[in-house]
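All remarks here apply to the structure that follows.
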Amino acid sequence: MGHIMQFATVQALQLAPFFISLVLYFSLVRKDPEGELWTTVLKCLPIVALMFYVLIKGFSLNKQFRRSQLILLGLVFSCGGDALLNVNLFPFGMISFGVAHIFYIKAFGWRPLKWIIGVCLYVPVIAFVVFVRRYLDEILVIGVPIYCVLIITMLWRALARAVDTKSYLASFCAFGAVLFVISDALIAVTMFLSVELPSPRLQIMITYYAAQFAIALSTSDDGPLPPFKNKDK
């Protein structure tokens, strides 16, 4: 029990910059940003803090930390996507997030396949893409379907991993993947379908930051000997 408490305390300290940056963002950015540098910095800070967490919780360039390496790269491209979206470069931001999902997919792996989960996810997404296609311009009519495939594949692999490993962190990561899809779905319905939601920015950003937090936290058991697996003597 002593090792578990010590591990939890260390985790809390390592994640403190993330929670502080969340407070700064939600307390200072009160309306939809309009491309200002300071709002872009504040928007990116929580993701930078999660990158910092992945690095300091235990990290190496060897193969034992392969998942941490891939998720770190996913966070890097997510941060780039945040900045690009904040300065109204939506197509480029979508590309950056698409690359982030590719790294997350590689981090979650392809074994076991669990193809039934994939089928159950792809069918409604295909229906959504067909429906929303008429509202997209020449660039997004190609980019949005590709992005939808990537993010749903990311969710599929996260769910498959959670079902296979049955670990708390894998399940929490899968929940984060679900939140990521919800966050992007909120963007889609407000941007493409002009659906009016109460406080849409808050809904989008809360689910987004929670998603990235869960994905980043899933790396805490990465490596040769995770701290919480030590037994009390």
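Residues are referred to by chain and number: the chain letter is A, B, ... according to the order shown in the structure tokens, the number counts from 1 in that chain, and ligands are numbered separately from 1 in the order shown.
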
Fewer than 3 positions away in the same chain doesn't count, so skip those; otherwise give me all residues within 8 Å of A:Phe59, counting only C-alpha atoms, as an MDAnalysis selection string. chainID A and resid 54:56 65 68:69 223

Per-residue nearest contacts stretch 9-61 of chain A to stretch 85-97 of chain A, cut-off 9 Å, using only C-alpha atoms, as a Markdown table:
| residue | atom | partner | partner_atom | distance |
| --- | --- | --- | --- | --- |
| A:Pro33 | CA | A:Asn86 | CA | 6.8 |
| A:Glu34 | CA | A:Val87 | CA | 7.0 |
| A:Gly35 | CA | A:Val87 | CA | 4.1 |
| A:Glu36 | CA | A:Val87 | CA | 7.4 |
| A:Leu37 | CA | A:Val87 | CA | 8.5 |
| A:Thr39 | CA | A:Asn86 | CA | 7.9 |
| A:Thr40 | CA | A:Asn86 | CA | 5.9 |
| A:Lys43 | CA | A:Asn86 | CA | 8.1 |

Which of stretch 3-216 of chain A end up as alpha helix (DSSP H) when DSSP is run on this backbone - answer as JSON, numbers by chain? {"A": [3, 4, 5, 6, 7, 8, 9, 10, 11, 12, 13, 14, 15, 16, 17, 18, 19, 20, 21, 22, 23, 24, 25, 26, 27, 28, 37, 38, 39, 40, 41, 42, 43, 44, 45, 46, 47, 48, 49, 50, 51, 52, 53, 54, 55, 56, 66, 67, 68, 69, 70, 71, 72, 73, 74, 75, 76, 77, 78, 79, 80, 81, 82, 83, 84, 85, 86, 90, 91, 92, 93, 94, 95, 96, 97, 98, 99, 100, 101, 102, 103, 104, 105, 106, 107, 108, 115, 116, 117, 118, 119, 120, 121, 122, 123, 124, 125, 126, 127, 128, 129, 130, 131, 132, 140, 141, 142, 143, 144, 145, 146, 147, 148, 149, 150, 151, 152, 153, 154, 155, 156, 157, 158, 159, 160, 161, 162, 163, 164, 165, 168, 169, 170, 171, 172, 173, 174, 175, 176, 177, 178, 179, 180, 181, 182, 183, 184, 185, 186, 187, 188, 189, 190, 191, 200, 201, 202, 203, 204, 205, 206, 207, 208, 209, 210, 211, 212, 213, 214, 215, 216]}

Name all residues at most 6 Å from stretch 155-170 of chain A (count only C-alpha atoms; drop same-chain ones fewer than 5 positions away) and give them as a PyMOL selection string. chain A and resi 108+114+118+177+218

Written file, previous selection with C-alpha atoms, as a PDB file, in the first residue's frame:
ATOM      1  CA  PHE A 108      -2.703   1.074 -29.231  1.00  0.00           C
ATOM      2  CA  LYS A 114     -11.588  -7.321 -32.543  1.00  0.00           C
ATOM      3  CA  GLY A 118     -14.585  -1.887 -35.801  1.00  0.00           C
ATOM      4  CA  ALA A 177     -10.864   7.959 -27.008  1.00  0.00           C
ATOM      5  CA  SER A 218      -2.315   5.483 -20.027  1.00  0.00           C
TER       6      SER A 218
END

Which neighbours of A:Met154 fall inside 7 Å, counting only C-alpha atoms, when residues of the same chain fewer than 6 positions from it are skipped, and could you give them as an mmCIF file with N, CA and C atoms, in the first residue's frame?
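Saved result, part31.cif, follows:
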data_model
loop_
_atom_site.group_PDB
_atom_site.id
_atom_site.type_symbol
_atom_site.label_atom_id
_atom_site.label_comp_id
_atom_site.auth_asym_id
_atom_site.auth_seq_id
_atom_site.Cartn_x
_atom_site.Cartn_y
_atom_site.Cartn_z
ATOM 1 N N HIS A 101 -3.727 11.070 -34.674
ATOM 2 C CA HIS A 101 -4.490 9.827 -34.541
ATOM 3 C C HIS A 101 -3.726 8.639 -35.115
ATOM 4 N N TYR A 104 -1.523 7.591 -32.370
ATOM 5 C CA TYR A 104 -2.300 6.916 -31.325
ATOM 6 C C TYR A 104 -2.679 5.502 -31.759
ATOM 7 N N ILE A 105 -3.076 5.347 -33.018
ATOM 8 C CA ILE A 105 -3.422 4.017 -33.537
ATOM 9 C C ILE A 105 -2.229 3.073 -33.405
#

Shell around A:Pro17 at 7 Å using only C-alpha atoms, local window under 3 positions removed, as an NGL selection string: :A and (20-21 or 49)

From atom CA of A:Ile47 to atom CA of A:Asp82 the spacing works out at 9.0 Å
